[in-house]
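Peer 1: One structure, as structure tokens, below. Some questions next.
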2 protein chains.
Amino acid sequence: RPADVGEEVTLCGWVQYLRQDLFVIMRDFSGLAQILIPQDEVRLFNTLCDLPPESVIRVKGTVRLRPDGQENKMPTGEIEVLAESVEILNVCRKLPFEIKDFVKKSESLRMQYRYLDLRSSQMQYNLRLRSQLVMKMREYLCNVHGFVDVETPTLFKRTPGGAKEFVVPSREPGRFYSLPQSPQQFKQLLMVAGIDRYFQLARCYRDEGSKPDRQPEFTQVDIEMSFVDQAGIRGLIEGLVQYSWPVEKDPVSTPFPCITYEKAMKDYGVDKPDTRFAMKLMDISKTFHNTEIEFLKDALNQPGGCIQAICIPDGAVSTEVSVVLVKADGALKSPLNRLMPASAKQQLLQMAQARPGDLLLISAGTQECRPLLGKLRLQCAELLEGSGVAVRDPSAFHFLWVVDFPLFLPKEEDPDQLESAHHPFTAPLPEDAHLLYSLPHKVRGQHYDLVLNGCEIGGGSIRIHKASDQQHVLETILKEDPSLLSHLLEALDSGAPPHGGIALGLDRFLSIIVGAPSIRDVIAFPKSFRGHDLMSRAPDFVSEDELKSYHIAVNWPAGDEGNQEK
Amino acid sequence: RPADVGEEVTLCGWVQYLRQDLFVIMRDFSGLAQILIPQDEVRLFNTLCDLPPESVIRVKGTVRLRPDGQENKMPTGEIEVLAESVEILNVCRKLPFEIKDFVKKSESLRMQYRYLDLRSSQMQYNLRLRSQLVMKMREYLCNVHGFVDVETPTLFKRTPGGAKEFVVPSREPGRFYSLPQSPQQFKQLLMVAGIDRYFQLARCYRDEGSKPDRQPEFTQVDIEMSFVDQAGIRGLIEGLVQYSWPVEKDPVSTPFPCITYEKAMKDYGVDKPDTRFAMKLMDISKTFHNTEIEFLKDALNQPGGCIQAICIPDGAVSTEVSVVLVKADGALKSPLNRLMPASAKQQLLQMAQARPGDLLLISAGTQECRPLLGKLRLQCAELLEGSGVAVRDPSAFHFLWVVDFPLFLPKEEDPDQLESAHHPFTAPLPEDAHLLYSLPHKVRGQHYDLVLNGCEIGGGSIRIHKASDQQHVLETILKEDPSLLSHLLEALDSGAPPHGGIALGLDRFLSIIVGAPSIRDVIAFPKSFRGHDLMSRAPDFVSEDELKSYHIAVNWPAGDEGNQEK
């Protein structure tokens, strides 16, 4: 900077490029600097003139102002370093792509040469921001609120039915560890152990094959507290987000809005609404109260039947998907137009608050249409944005709590059976607790999700802390074998305090903050869609001999035997 | 505290015990408090009188001074809480042992009921200190020195010859991930990636079967820097230890002493000397220069032959293991006594600085006796301490750097072959670099170990940053297949900066600080000697069906087939 003019400096970094045989442009994580090679320094010049970009050098020299007219707007644009010596620390020989932000690279090339990809200013920003944000979170939890950072094991016992858990063979025949999906059991055991405020940046594992934008290992901010209620956890997390929020972004205001699951489904057709834009679902059944239109009448006569609508502001302009198009003169363009009396049309427009140029999407059916309308709402927003209409402010961050979820849901494959909506350790709402023993399907749970811009970034609950209740849920309601969790049930019977917690998905949270299209952009060395490390080629074949000490053998699929060398 | 007298308070915690049907002694992590139940509160009294210890209660009441003569010396010993209401939050039904510090429990019982064991004041202290120390380390690295906390993958590719790496089967037949022993490759790749200061509290995995006091998963403070030398790393770590050192301990002074590997072997017979006590190895060959004693003469005539001694102060008092015992009158009691002329005896006592009551242990052989004498030195210290002689100050912490290790050692099974003394990425000392291509067995490496009270708590090195040198080490010296590390070699050729780092073993470091006999005492949920989790019974059997998706089957040892149900 100009304030450093006259200073003797030593700079270490990468050669970005050479210019006019006179200048070396050097780069490190903090930016670029221009080095001037004195014209009479023939030796220095000769050293550098053939140096490939991305070679590593150490420069000693003096900071001086650039001559008039040679300044530019870079942070170091007013100064340059007059070199006294330049040492070549390493010569760069191979470059599959240039380290320039505007050079487009394929995803697989980026992954194969991740150590080069990470030199880009965007990836440097993402990783350094991640480190800073995590550090602030730790300060808030540990220093401000007295939480204890406890590491829990990742070599653990397989959870009953844990189909998504990686197994790790041990040296005892037939015995396997399992890589847990979360430290759920350990965090609850720590509460029983009297560590009243626990947190951990926990590595978690989930073997999901190739779901888009998932990673086989990921990180969650894992929190648990004793003697706390829902409001206590929510307030803690609001403070945590506010405290750790990047200073360069607009500050986050708290408390976050909070809506019930029921209201989220009704207004947005989804339990993780994107509240950066309206376009809510509306029940317009009343408009068609006396309708003669046959299919609408049929819909309304069903149990739970209703007519719902979404009004897409300016939707008529930007899309051809039209159901009821409100023309510029206020007339409707719709297959329904002919069939509706003028008064009904008027009422429809009023109820939907539709203005000229808007598009109305109408569905007739039961409340089960809500998720479909919810998806349509998001697709309309994308369509509009694709046509250049501003729907969501890209710099806006809308946090939202969703609460009062059902505790149990009917199993898809057997709707007479119940399964946990989240996990079997969630406590019922106090006012619904008595229903646990009579009408479990009506019980709402003390579960809360944290939603940011339509993505679920966290979830947690107040837990069941009485062994008898936990046993009832496992055995009577869920029909699971409680002996598999006997250590947890015993722990609850050994003086377990009331407790609750939450887990935030750190990778997802960060990717939203930096506006990255994928969580891979906030992870230093992510795996590909198929779970491969393209740099080292993992997973890889292991010799039969090496597997022997684990007492396992590979079952090669038919026709694939001895294919280890491929 | 007395300052709180008159305050309305709410206390949550565990019932330690009931006293005189009047008092409840409550416990939380911060200590004990005495609750007084008003004598006229029959209902309150009835609620509590049958409450088992370790039940969980919430008390509302008022702080008041204890009546004269009822105070004690506990931190809360001057006050008590006069209860207005007591709520029973959970009743404790089962207790395999009492939660009292003086109750001795077997290790396996502690592990099986770890959630109760962790309620002890010592384990609460250990886990809370661990959290605080780690937090201070992060502040020092991240906030004071601009390090970037980067998480690296734990599902990685198997290292060639990585016999101690757990394997993790993937859903692709025959392909396995591996749980790495350290993030070594990733930390070096991050330097190539321009993350010039990296750190991570890294979970590492090592499958060593049942070595004493090892854990299959452990944590290291993992650090790497670009453009740094040995002194830079050592200074950083000294600052880190000083900054994070528990405030309740005597402060640590820096810089730490530093000795060469050669000197450590010479003086202590080990590369991780316990410098809390002297009893150094001494070369007393000179004394026996003209000896007539046959076996000593033979020893001295060998190549590298020498006579070495350890003088055990007061050793004559406390042990019967006697070789040369210096009697109270200064005479020697030894099989050598008869054979040595008076002048030689005198010289021996002088050289060894032996005083009456001391014990001299003498070995004749080559320098290869040093490790044996090193072990003897430690055993003598233990023997003396067992007899009540103060040898090592239990409150002393002696840090020591050991440097200038040989870069390669002859392989045990084939001494003509060399193997890396630490790992193949360590750079040679600059003054030995030219020997890499001529006399590799003479090369000293830029490796440094950090030793505390005779335990290695950390190690690191300046790395090779030129691909050609790395390839020479791997291919020509170590005879390894360099293609297995092709991604690292390519990275070094893509503009790798000079770099180096270190890893500290957090579990070991903490166990020394808190004076714990085992690292299990500073880990929340450790595994047993045999790698078992005694609480959840991991590792456990997994059904054949569940293994199918990983294309593996168990090879049951003969006679053990179908033994899955045992």
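Every chain in the structure tokens takes a letter, A first, then B, and so on in the order presented; its residues are numbered from 1, and the ligands are numbered from 1 following the presented order.
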Once you count only C-alpha atoms, what closest atom pair and distance in Å to one decimal does each residue of stretch 192-236 of chain B within 10 Å of stretch 131-144 of chain B have, with rows by chain and rising residue number, as CSV?
Peer 2:
residue,atom,partner,partner_atom,distance
B:Arg197,CA,B:Leu141,CA,9.0
B:Tyr198,CA,B:Leu141,CA,9.0
B:Phe199,CA,B:Leu141,CA,7.6
B:Gln200,CA,B:Arg138,CA,9.0
B:Leu201,CA,B:Val134,CA,8.5
B:Val221,CA,B:Met137,CA,8.9
B:Ile223,CA,B:Leu141,CA,9.2
B:Leu236,CA,B:Leu141,CA,8.9
Peer 1: For the residues in the current selection, export N, CA and C atoms as a PDB file, in the first residue's frame.
Peer 2:
ATOM      1  N   ARG B 197      -1.144 -21.207   5.546  1.00  0.00           N
ATOM      2  CA  ARG B 197      -1.097 -21.585   6.965  1.00  0.00           C
ATOM      3  C   ARG B 197      -2.321 -22.425   7.280  1.00  0.00           C
ATOM      4  N   TYR B 198      -2.125 -23.711   7.404  1.00  0.00           N
ATOM      5  CA  TYR B 198      -3.228 -24.640   7.621  1.00  0.00           C
ATOM      6  C   TYR B 198      -3.143 -25.240   9.016  1.00  0.00           C
ATOM      7  N   PHE B 199      -4.306 -25.398   9.665  1.00  0.00           N
ATOM      8  CA  PHE B 199      -4.333 -26.262  10.844  1.00  0.00           C
ATOM      9  C   PHE B 199      -5.667 -26.980  10.903  1.00  0.00           C
ATOM     10  N   GLN B 200      -5.679 -28.055  11.677  1.00  0.00           N
ATOM     11  CA  GLN B 200      -6.891 -28.836  11.854  1.00  0.00           C
ATOM     12  C   GLN B 200      -6.727 -29.679  13.100  1.00  0.00           C
ATOM     13  N   LEU B 201      -7.785 -29.782  13.891  1.00  0.00           N
ATOM     14  CA  LEU B 201      -7.830 -30.803  14.933  1.00  0.00           C
ATOM     15  C   LEU B 201      -8.322 -32.062  14.234  1.00  0.00           C
ATOM     16  N   VAL B 221      -3.312 -32.326  16.627  1.00  0.00           N
ATOM     17  CA  VAL B 221      -3.295 -30.921  16.231  1.00  0.00           C
ATOM     18  C   VAL B 221      -2.357 -30.856  15.031  1.00  0.00           C
ATOM     19  N   ILE B 223      -0.684 -29.182  11.723  1.00  0.00           N
ATOM     20  CA  ILE B 223      -0.271 -27.834  11.321  1.00  0.00           C
ATOM     21  C   ILE B 223       0.665 -27.919  10.124  1.00  0.00           C
ATOM     22  N   LEU B 236       6.655 -21.301  16.638  1.00  0.00           N
ATOM     23  CA  LEU B 236       5.188 -21.283  16.627  1.00  0.00           C
ATOM     24  C   LEU B 236       4.624 -22.216  17.696  1.00  0.00           C
TER      25      LEU B 236
END
Peer 1: I'd like to know which residues of stretch 178-245 of chain B are helix (DSSP H, G or I) (by DSSP, run on the backbone); could you write them as a ChimeraX atom specification?
Peer 2: /B:184-192,230-244
Peer 1: Excluding stretch 15-18 of chain B and any residue of its chain fewer than 5 positions from it, enumerate the residues within 6 Å of it, using only C-alpha atoms, and give them as a list of chain:residue names.
Peer 2: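 After dropping sequence-adjacent residues, the list is B:Phe23, B:Val24, B:Ile25, B:Met26, B:Arg27, B:Pro53, B:Glu54, B:Ser55.
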Peer 1: Near A:Ser170, counting only C-alpha atoms, which residues have an atom at most 9 Å away, once you skip same-chain residues fewer than 6 positions from it, shown as a ChimeraX atom specification?
Peer 2: /A:176-177,549-551 /B:166,207,531,539
Peer 1: Quick one: distance from atom CA of A:Phe156 to atom CA of B:Pro212 in Å, one decimal?
Peer 2: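 Atom CA of B:Pro212 lies at a distance of 20.2 Å from atom CA of A:Phe156.
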Peer 1: Would you list the contacts of A:Ile284 as a ChimeraX atom specification, taking every protein, DNA or RNA residue within 9 Å and counting only C-alpha atoms, but skipping same-chain residues closer than 3 positions in sequence?
Peer 2: /A:287-288,306-309,348,351-352,362
Peer 1: Next, write the just-selected residues to a file, as a PDB file, in the first residue's frame, keeping N, CA, C and O atoms as the atom set.
Peer 2:
ATOM      1  N   THR A 287     -64.899 -19.175  -3.814  1.00  0.00           N
ATOM      2  CA  THR A 287     -65.269 -18.644  -5.123  1.00  0.00           C
ATOM      3  C   THR A 287     -66.114 -19.639  -5.910  1.00  0.00           C
ATOM      4  O   THR A 287     -66.952 -19.259  -6.727  1.00  0.00           O
ATOM      5  N   PHE A 288     -65.832 -20.901  -5.669  1.00  0.00           N
ATOM      6  CA  PHE A 288     -66.502 -21.922  -6.477  1.00  0.00           C
ATOM      7  C   PHE A 288     -67.574 -22.659  -5.683  1.00  0.00           C
ATOM      8  O   PHE A 288     -67.974 -23.765  -6.028  1.00  0.00           O
ATOM      9  N   CYS A 306     -60.703 -29.091  -1.909  1.00  0.00           N
ATOM     10  CA  CYS A 306     -60.554 -27.638  -1.929  1.00  0.00           C
ATOM     11  C   CYS A 306     -60.031 -27.198  -3.290  1.00  0.00           C
ATOM     12  O   CYS A 306     -59.495 -27.993  -4.057  1.00  0.00           O
ATOM     13  N   ILE A 307     -60.234 -25.936  -3.568  1.00  0.00           N
ATOM     14  CA  ILE A 307     -59.657 -25.329  -4.763  1.00  0.00           C
ATOM     15  C   ILE A 307     -58.576 -24.367  -4.279  1.00  0.00           C
ATOM     16  O   ILE A 307     -58.839 -23.502  -3.452  1.00  0.00           O
ATOM     17  N   GLN A 308     -57.370 -24.568  -4.772  1.00  0.00           N
ATOM     18  CA  GLN A 308     -56.273 -23.719  -4.328  1.00  0.00           C
ATOM     19  C   GLN A 308     -55.685 -22.992  -5.531  1.00  0.00           C
ATOM     20  O   GLN A 308     -55.848 -23.428  -6.667  1.00  0.00           O
ATOM     21  N   ALA A 309     -55.020 -21.887  -5.249  1.00  0.00           N
ATOM     22  CA  ALA A 309     -54.464 -21.102  -6.357  1.00  0.00           C
ATOM     23  C   ALA A 309     -53.135 -20.488  -5.940  1.00  0.00           C
ATOM     24  O   ALA A 309     -52.857 -20.294  -4.758  1.00  0.00           O
ATOM     25  N   LEU A 348     -62.894 -14.135  -7.724  1.00  0.00           N
ATOM     26  CA  LEU A 348     -61.624 -14.845  -7.886  1.00  0.00           C
ATOM     27  C   LEU A 348     -60.457 -13.857  -7.894  1.00  0.00           C
ATOM     28  O   LEU A 348     -59.468 -14.013  -7.196  1.00  0.00           O
ATOM     29  N   MET A 351     -60.007 -12.343  -4.379  1.00  0.00           N
ATOM     30  CA  MET A 351     -59.431 -13.278  -3.407  1.00  0.00           C
ATOM     31  C   MET A 351     -57.946 -13.501  -3.670  1.00  0.00           C
ATOM     32  O   MET A 351     -57.142 -13.623  -2.755  1.00  0.00           O
ATOM     33  N   ALA A 352     -57.610 -13.584  -4.960  1.00  0.00           N
ATOM     34  CA  ALA A 352     -56.225 -13.891  -5.312  1.00  0.00           C
ATOM     35  C   ALA A 352     -55.384 -12.628  -5.391  1.00  0.00           C
ATOM     36  O   ALA A 352     -54.193 -12.705  -5.631  1.00  0.00           O
ATOM     37  N   ILE A 362     -54.486 -22.669 -10.804  1.00  0.00           N
ATOM     38  CA  ILE A 362     -55.569 -23.160  -9.954  1.00  0.00           C
ATOM     39  C   ILE A 362     -55.540 -24.676  -9.924  1.00  0.00           C
ATOM     40  O   ILE A 362     -55.357 -25.316 -10.958  1.00  0.00           O
TER      41      ILE A 362
END
Peer 1: Find the spatial neighbours of A:His441, counting only C-alpha atoms, within a cut-off of 10 Å - ignore same-chain residues fewer than 6 positions away - and output them as a list of chain:residue names.
Peer 2: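 Close residues of A:His441: A:Pro406, A:Leu407, A:Phe408, A:Leu409, A:Pro410, A:Gln417, A:Leu418, A:Glu419, A:Leu435, A:Ile477.
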Peer 1: Residues as selected, N, CA and C atoms, written as an mmCIF file, in the first residue's frame, can you do that?
Peer 2:
data_model
loop_
_atom_site.group_PDB
_atom_site.id
_atom_site.type_symbol
_atom_site.label_atom_id
_atom_site.label_comp_id
_atom_site.auth_asym_id
_atom_site.auth_seq_id
_atom_site.Cartn_x
_atom_site.Cartn_y
_atom_site.Cartn_z
ATOM 1 N N PRO A 406 -45.577 -33.229 13.089
ATOM 2 C CA PRO A 406 -46.119 -34.465 13.661
ATOM 3 C C PRO A 406 -44.965 -35.312 14.172
ATOM 4 N N LEU A 407 -45.213 -36.028 15.287
ATOM 5 C CA LEU A 407 -44.135 -36.843 15.864
ATOM 6 C C LEU A 407 -43.963 -38.144 15.080
ATOM 7 N N PHE A 408 -45.090 -38.663 14.586
ATOM 8 C CA PHE A 408 -45.042 -39.913 13.811
ATOM 9 C C PHE A 408 -45.780 -39.723 12.493
ATOM 10 N N LEU A 409 -45.372 -40.471 11.501
ATOM 11 C CA LEU A 409 -46.060 -40.467 10.207
ATOM 12 C C LEU A 409 -46.374 -41.914 9.837
ATOM 13 N N PRO A 410 -47.450 -42.124 9.059
ATOM 14 C CA PRO A 410 -47.710 -43.494 8.599
ATOM 15 C C PRO A 410 -46.575 -43.951 7.683
ATOM 16 N N GLN A 417 -48.907 -48.761 10.100
ATOM 17 C CA GLN A 417 -47.768 -48.660 11.013
ATOM 18 C C GLN A 417 -47.285 -47.215 11.066
ATOM 19 N N LEU A 418 -46.764 -46.821 12.238
ATOM 20 C CA LEU A 418 -46.199 -45.472 12.352
ATOM 21 C C LEU A 418 -44.673 -45.536 12.329
ATOM 22 N N GLU A 419 -44.058 -44.487 11.800
ATOM 23 C CA GLU A 419 -42.603 -44.337 11.941
ATOM 24 C C GLU A 419 -42.317 -42.918 12.429
ATOM 25 N N LEU A 435 -51.555 -37.924 24.593
ATOM 26 C CA LEU A 435 -52.021 -38.668 23.421
ATOM 27 C C LEU A 435 -51.054 -39.787 23.027
ATOM 28 N N ILE A 477 -45.074 -48.176 20.025
ATOM 29 C CA ILE A 477 -45.487 -47.389 18.859
ATOM 30 C C ILE A 477 -44.697 -47.785 17.611
#
Peer 1: Identify which of the residues A:Val228, A:Met279, A:Leu129, A:Leu400 lies closest to A:Ser253, counting only C-alpha atoms when measuring atom-to-atom distances.
Peer 2: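 Among the listed residues, A:Leu400 lies closest to A:Ser253.
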Peer 1: What is the atom CA of A:Gln215-atom CA of A:Ala558 distance in Å, reported with one decimal?
Peer 2: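 Value for the atom CA of A:Gln215-atom CA of A:Ala558 distance: 29.4 Å.
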Peer 1: Do a neighbour search on stretch 289-305 of chain A at 10 Å with only C-alpha atoms, toss out local chain neighbours closer than 5 positions, and write the hits as a VMD selection string.
Peer 2: chain A and resid 284 336 339 to 341 344 363 to 369
Peer 1: Using backbone DSSP assignments, extract all strand (DSSP E or B) residues from stretch 391-558 of chain B; output them as an MDAnalysis selection string.
Peer 2: chainID B and resid 399:403 406 408:410 418:420 426 428 444:445 447:452 455:463 499:505 533 538 540:541 552:554
Peer 1: Keeping only C-alpha atoms, take the residues you just selected and write them out as a PDB file, in the first residue's frame.
Peer 2:
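Writing done, so here's out.pdb:
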ATOM      1  CA  PHE B 399       9.586 -29.827  27.180  1.00  0.00           C
ATOM      2  CA  LEU B 400      12.422 -30.751  24.835  1.00  0.00           C
ATOM      3  CA  TRP B 401      13.034 -30.595  21.094  1.00  0.00           C
ATOM      4  CA  VAL B 402      14.986 -33.459  19.564  1.00  0.00           C
ATOM      5  CA  VAL B 403      16.418 -32.706  16.109  1.00  0.00           C
ATOM      6  CA  PRO B 406      18.833 -39.749  10.518  1.00  0.00           C
ATOM      7  CA  PHE B 408      16.843 -43.225   6.656  1.00  0.00           C
ATOM      8  CA  LEU B 409      17.467 -46.335   8.724  1.00  0.00           C
ATOM      9  CA  PRO B 410      18.438 -49.835   7.635  1.00  0.00           C
ATOM     10  CA  LEU B 418      16.882 -48.281   3.698  1.00  0.00           C
ATOM     11  CA  GLU B 419      13.521 -47.162   5.022  1.00  0.00           C
ATOM     12  CA  SER B 420      12.376 -43.716   6.123  1.00  0.00           C
ATOM     13  CA  THR B 426      10.955 -35.291   5.074  1.00  0.00           C
ATOM     14  CA  PRO B 428      17.302 -33.489   4.268  1.00  0.00           C
ATOM     15  CA  ARG B 444      20.167 -36.226   8.525  1.00  0.00           C
ATOM     16  CA  GLY B 445      16.607 -35.054   8.053  1.00  0.00           C
ATOM     17  CA  HIS B 447      12.708 -33.707  11.360  1.00  0.00           C
ATOM     18  CA  TYR B 448      11.923 -32.526  14.884  1.00  0.00           C
ATOM     19  CA  ASP B 449      10.189 -34.259  17.753  1.00  0.00           C
ATOM     20  CA  LEU B 450       8.595 -32.495  20.696  1.00  0.00           C
ATOM     21  CA  VAL B 451       9.107 -34.442  23.926  1.00  0.00           C
ATOM     22  CA  LEU B 452       7.344 -33.771  27.235  1.00  0.00           C
ATOM     23  CA  CYS B 455       6.896 -38.870  26.021  1.00  0.00           C
ATOM     24  CA  GLU B 456       6.898 -37.928  22.359  1.00  0.00           C
ATOM     25  CA  ILE B 457       3.935 -35.586  22.072  1.00  0.00           C
ATOM     26  CA  GLY B 458       4.613 -34.284  18.589  1.00  0.00           C
ATOM     27  CA  GLY B 459       6.712 -34.585  15.498  1.00  0.00           C
ATOM     28  CA  GLY B 460       7.131 -32.864  12.195  1.00  0.00           C
ATOM     29  CA  SER B 461       9.486 -31.846   9.467  1.00  0.00           C
ATOM     30  CA  ILE B 462      10.332 -29.533   6.667  1.00  0.00           C
ATOM     31  CA  ARG B 463       9.116 -31.398   3.566  1.00  0.00           C
ATOM     32  CA  HIS B 499       6.751 -25.938   3.390  1.00  0.00           C
ATOM     33  CA  GLY B 500       6.847 -27.796   6.657  1.00  0.00           C
ATOM     34  CA  GLY B 501       4.666 -28.706   9.577  1.00  0.00           C
ATOM     35  CA  ILE B 502       4.049 -30.695  12.689  1.00  0.00           C
ATOM     36  CA  ALA B 503       1.418 -32.805  14.401  1.00  0.00           C
ATOM     37  CA  LEU B 504       0.830 -32.890  18.153  1.00  0.00           C
ATOM     38  CA  GLY B 505      -0.827 -35.880  19.769  1.00  0.00           C
ATOM     39  CA  ASP B 533     -16.807 -50.055  23.113  1.00  0.00           C
ATOM     40  CA  ALA B 538     -19.033 -52.343  19.249  1.00  0.00           C
ATOM     41  CA  ASP B 540     -20.650 -56.090  16.486  1.00  0.00           C
ATOM     42  CA  PHE B 541     -21.965 -58.673  14.056  1.00  0.00           C
ATOM     43  CA  ILE B 552     -18.188 -58.618   0.815  1.00  0.00           C
ATOM     44  CA  ALA B 553     -18.618 -61.790   2.843  1.00  0.00           C
ATOM     45  CA  VAL B 554     -17.085 -62.898   6.115  1.00  0.00           C
TER      46      VAL B 554
END
Peer 1: Which residue is closest to B:Gly515? Choose from B:Ile259, B:Leu82, B:Leu44, B:Met123 and count only C-alpha atoms.
Peer 2: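 Checking each of B:Ile259, B:Leu82, B:Leu44, B:Met123 against B:Gly515, counting only C-alpha atoms, the winner is B:Met123.
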Peer 1: Between atom CA of B:Leu36 and atom CA of B:Ala3, what is the distance in Å, rounded to a tenth?
Peer 2: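 Between atom CA of B:Leu36 and atom CA of B:Ala3 the gap is 18.4 Å.
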Peer 1: When distances are computed from only C-alpha atoms, which of B:Pro498, B:Gln347, B:Ser334, B:Asn453 shows the smallest separation from B:Leu359?
Peer 2: B:Ser334
Peer 1: When distances are computed from only C-alpha atoms, which of A:Gln181, A:Thr275, A:Thr219, A:Ser244 shows the smallest separation from A:Cys258?
Peer 2: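 Smallest separation from A:Cys258 among the options: A:Thr275.
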